[in-house]
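Shown next: start_38.tsv, containing TSV, C-alpha atoms and all ligand atoms.
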```tsv
chain	number	residue	atom	x	y	z
A	79	MET	CA	-162.94	-59.16	-159.67
A	80	ALA	CA	-160.28	-58.14	-161.97
A	81	GLU	CA	-159.91	-54.87	-160.46
A	82	GLU	CA	-156.87	-53.21	-161.65
A	83	THR	CA	-155.13	-52.45	-158.52
A	84	ARG	CA	-152.50	-50.25	-159.82
A	85	ALA	CA	-150.10	-48.98	-157.41
A	86	SER	CA	-151.53	-45.61	-157.31
A	87	GLY	CA	-149.35	-43.68	-155.02
A	88	GLY	CA	-147.74	-46.81	-153.69
A	89	ALA	CA	-144.35	-46.04	-155.14
A	90	GLU	CA	-143.91	-42.89	-153.35
A	91	SER	CA	-140.31	-42.00	-153.64
A	92	SER	CA	-139.24	-40.62	-150.38
A	93	PRO	CA	-137.54	-37.33	-150.97
A	94	SER	CA	-134.42	-37.20	-148.93
A	95	GLU	CA	-134.27	-33.67	-147.79
A	96	GLY	CA	-131.04	-34.08	-145.98
A	97	GLN	CA	-129.05	-33.29	-149.05
A	98	GLY	CA	-129.07	-29.58	-148.60
A	99	GLN	CA	-125.88	-29.49	-146.60
A	100	GLY	CA	-124.02	-32.08	-148.50
A	101	GLN	CA	-122.77	-29.62	-151.04
A	102	SER	CA	-120.63	-27.44	-148.89
A	103	GLN	CA	-118.18	-30.10	-147.84
A	104	GLY	CA	-118.50	-32.36	-150.76
A	105	HIS	CA	-114.95	-32.71	-151.92
A	106	ARG	CA	-112.64	-32.68	-149.06
A	107	PRO	CA	-109.04	-33.48	-149.83
A	108	GLY	CA	-108.79	-35.06	-146.46
A	109	PRO	CA	-105.62	-35.67	-144.53
A	110	ARG	CA	-102.62	-36.64	-146.44
A	111	GLY	CA	-102.40	-40.38	-146.51
A	112	PRO	CA	-101.38	-41.47	-143.08
A	113	ARG	CA	-99.54	-44.39	-144.47
A	114	PRO	CA	-96.66	-43.43	-146.70
A	115	GLY	CA	-96.72	-46.33	-149.04
A	116	GLY	CA	-93.36	-47.69	-149.91
A	117	GLY	CA	-91.63	-47.33	-146.62
A	118	PRO	CA	-88.73	-49.67	-146.16
A	119	GLY	CA	-89.58	-50.05	-142.54
A	120	GLY	CA	-92.44	-52.35	-143.19
A	121	PRO	CA	-95.26	-53.00	-140.80
A	122	GLY	CA	-95.07	-52.40	-137.15
A	123	GLY	CA	-93.48	-49.00	-137.10
A	124	ARG	CA	-92.25	-48.95	-133.60
A	125	GLU	CA	-90.15	-46.13	-132.39
A	126	GLY	CA	-86.92	-47.62	-133.42
A	127	GLY	CA	-85.87	-45.13	-136.01
A	128	ARG	CA	-83.93	-42.84	-133.76
A	129	LYS	CA	-80.32	-43.39	-133.25
A	130	TYR	CA	-80.09	-41.11	-130.33
A	131	PHE	CA	-81.33	-42.39	-127.11
A	132	ARG	CA	-83.76	-39.83	-126.02
A	133	ARG	CA	-82.38	-38.59	-122.82
A	134	LYS	CA	-84.87	-37.49	-120.32
A	135	LYS	CA	-84.92	-33.81	-120.80
A	136	VAL	CA	-85.99	-31.99	-117.75
A	137	CYS	CA	-85.99	-28.31	-117.29
A	138	LYS	CA	-83.03	-27.39	-115.20
A	139	PHE	CA	-84.91	-24.65	-113.47
A	140	CYS	CA	-87.77	-26.91	-112.63
A	141	VAL	CA	-85.39	-29.43	-111.18
A	142	GLU	CA	-83.58	-26.92	-109.07
A	143	LYS	CA	-86.80	-25.14	-108.32
A	144	ILE	CA	-85.54	-21.86	-109.54
A	145	GLU	CA	-88.54	-19.66	-109.98
A	146	ASN	CA	-87.01	-16.33	-110.53
A	147	ILE	CA	-84.05	-16.27	-112.75
A	148	ASN	CA	-81.74	-13.59	-111.64
A	149	TYR	CA	-80.19	-11.68	-114.45
A	150	LYS	CA	-77.10	-11.11	-112.37
A	151	ASP	CA	-76.43	-14.77	-112.20
A	152	VAL	CA	-74.21	-14.76	-115.20
A	153	ARG	CA	-72.78	-18.16	-114.61
A	154	LEU	CA	-76.22	-19.59	-114.74
A	155	LEU	CA	-77.28	-17.62	-117.75
A	156	ALA	CA	-74.10	-18.38	-119.59
A	157	GLN	CA	-75.08	-22.01	-119.71
A	158	PHE	CA	-77.89	-21.07	-121.99
A	159	VAL	CA	-76.05	-18.66	-124.16
A	160	ALA	CA	-74.02	-19.93	-127.03
A	161	GLU	CA	-70.56	-18.66	-127.68
A	162	SER	CA	-71.89	-16.39	-130.32
A	163	GLY	CA	-74.06	-14.79	-127.71
A	164	LYS	CA	-77.26	-16.30	-128.91
A	165	ILE	CA	-79.70	-17.84	-126.58
A	166	VAL	CA	-79.67	-21.55	-126.97
A	167	PRO	CA	-83.04	-22.72	-128.20
A	168	ARG	CA	-85.26	-24.51	-125.84
A	169	ARG	CA	-85.26	-27.72	-127.78
A	170	LEU	CA	-81.59	-28.07	-127.17
A	171	THR	CA	-81.56	-27.19	-123.55
A	172	GLY	CA	-84.80	-28.79	-122.53
A	173	VAL	CA	-85.90	-25.79	-120.59
A	174	CYS	CA	-89.61	-25.57	-120.31
A	175	THR	CA	-91.45	-22.75	-121.95
A	176	PRO	CA	-92.20	-20.56	-118.95
A	177	HIS	CA	-88.66	-20.86	-117.75
A	178	GLN	CA	-87.27	-20.20	-121.15
A	179	ARG	CA	-89.19	-16.99	-121.22
A	180	ARG	CA	-87.80	-15.88	-117.92
A	181	LEU	CA	-84.43	-17.01	-118.99
A	182	SER	CA	-84.48	-15.01	-122.16
A	183	THR	CA	-85.71	-12.00	-120.28
A	184	ALA	CA	-82.93	-12.37	-117.81
A	185	ILE	CA	-80.40	-12.77	-120.55
A	186	LYS	CA	-81.59	-9.66	-122.23
A	187	GLN	CA	-81.36	-7.75	-119.01
A	188	ALA	CA	-77.89	-9.07	-118.49
A	189	ARG	CA	-76.96	-7.92	-121.93
A	190	ASN	CA	-78.13	-4.47	-121.20
A	191	ILE	CA	-75.73	-4.14	-118.38
A	192	ALA	CA	-73.04	-5.81	-120.40
A	193	LEU	CA	-72.86	-8.95	-118.40
A	194	LEU	CA	-73.46	-10.97	-121.48
A	195	PRO	CA	-72.62	-10.26	-125.06
A	196	PHE	CA	-75.19	-9.45	-127.65
A	197	ALA	CA	-75.66	-11.87	-130.46
A	198	GLY	CA	-74.19	-10.78	-133.70
A	199	ARG	CA	-72.72	-7.58	-132.43
A	200	ALA	CA	-71.75	-5.22	-135.14
A	201	MET	CA	-68.61	-3.90	-133.52
B	301	ZN	ZN	-89.01	-25.16	-116.04
```
Can you turn what I pasted into structure tokens?
Ligand SMILES: [Zn+2]
Amino acid sequence: MAEETRASGGAESSPSEGQGQGQSQGHRPGPRGPRPGGGPGGPGGREGGRKYFRRKKVCKFCVEKIENINYKDVRLLAQFVAESGKIVPRRLTGVCTPHQRRLSTAIKQARNIALLPFAGRAM
């Protein structure tokens, strides 16, 4: 009656074999804390930090449906060239990327035929 029923094989520890890949990405620094502790703004960070009212920036060329920017149109190009002769960056003018590319190409062409000045001219 008193059979010693020892747990023979009952405590079978299940070997978790899924640990093989755990090593490669063990210590990930992770993204820098998304919440910058100590902000004076407090909770509810709505977009109220900007003083400037974000004007609706629309690409002038898209608005006027100008597809091909003519390099001879100096008056048009001059709007996007600073006094120094530099091309005004897109973030200031609001011109979209494809148009900015055409614009810069046109400006460079205009420079070549001396319609527009080069930026930082030596002489
Ligand atoms: Zn555009």
Of A:Ile147, A:Val152, A:Ile191, A:Leu181, the one nearest to Val166 (chain A) when counting all atoms listed in the file is A:Leu181
I'd like a table as CSV: residues in chain A with an atom no more than 6 Å from ligand ZN 301 (chain B), each row giving the shortest atom pair and its distance in Å to one decimal, all atoms listed in the file counted, sorted by chain and rising residue number.
```
residue,atom,partner,partner_atom,distance
A:Cys137,CA,B:ZN301,ZN,4.5
A:Phe139,CA,B:ZN301,ZN,4.9
A:Cys140,CA,B:ZN301,ZN,4.0
A:Val173,CA,B:ZN301,ZN,5.5
A:Cys174,CA,B:ZN301,ZN,4.3
A:His177,CA,B:ZN301,ZN,4.6
```
Restricting to only C-alpha atoms, whichever of A:Val141, A:Leu154, A:Val159, A:Val136 is closest to Ala197 (chain A) is A:Val159
Please identify all polymer residues lying at most 12 Å from the point (-83.0, -22.4, -128.5) (file coordinates), using only C-alpha atoms, and present the result as a count of residues only. 21
Query - Surrounding residues of Tyr149 (chain A) excluding itself and chain neighbours under 4 positions, 12 Å, all atoms listed in the file, as a list of chain:residue names - result: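 My reading of the contact set: A:Arg153, A:Leu154, A:Leu155, A:Ala156, A:Arg180, A:Leu181, A:Ser182, A:Thr183, A:Ala184, A:Ile185, A:Lys186, A:Gln187, A:Ala188, A:Arg189, A:Asn190, A:Ile191, A:Ala192, A:Leu193, A:Leu194.
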Any chance you could work out the axis-aligned box around region 181-192 of chain A, listed atoms only, 3 Å on each side, giving centre and edge lengths in Å to one decimal, as JSON?
```
{"center_x": -79.4, "center_y": -10.6, "center_z": -120.0, "size_x": 18.7, "size_y": 18.9, "size_z": 10.4}
```
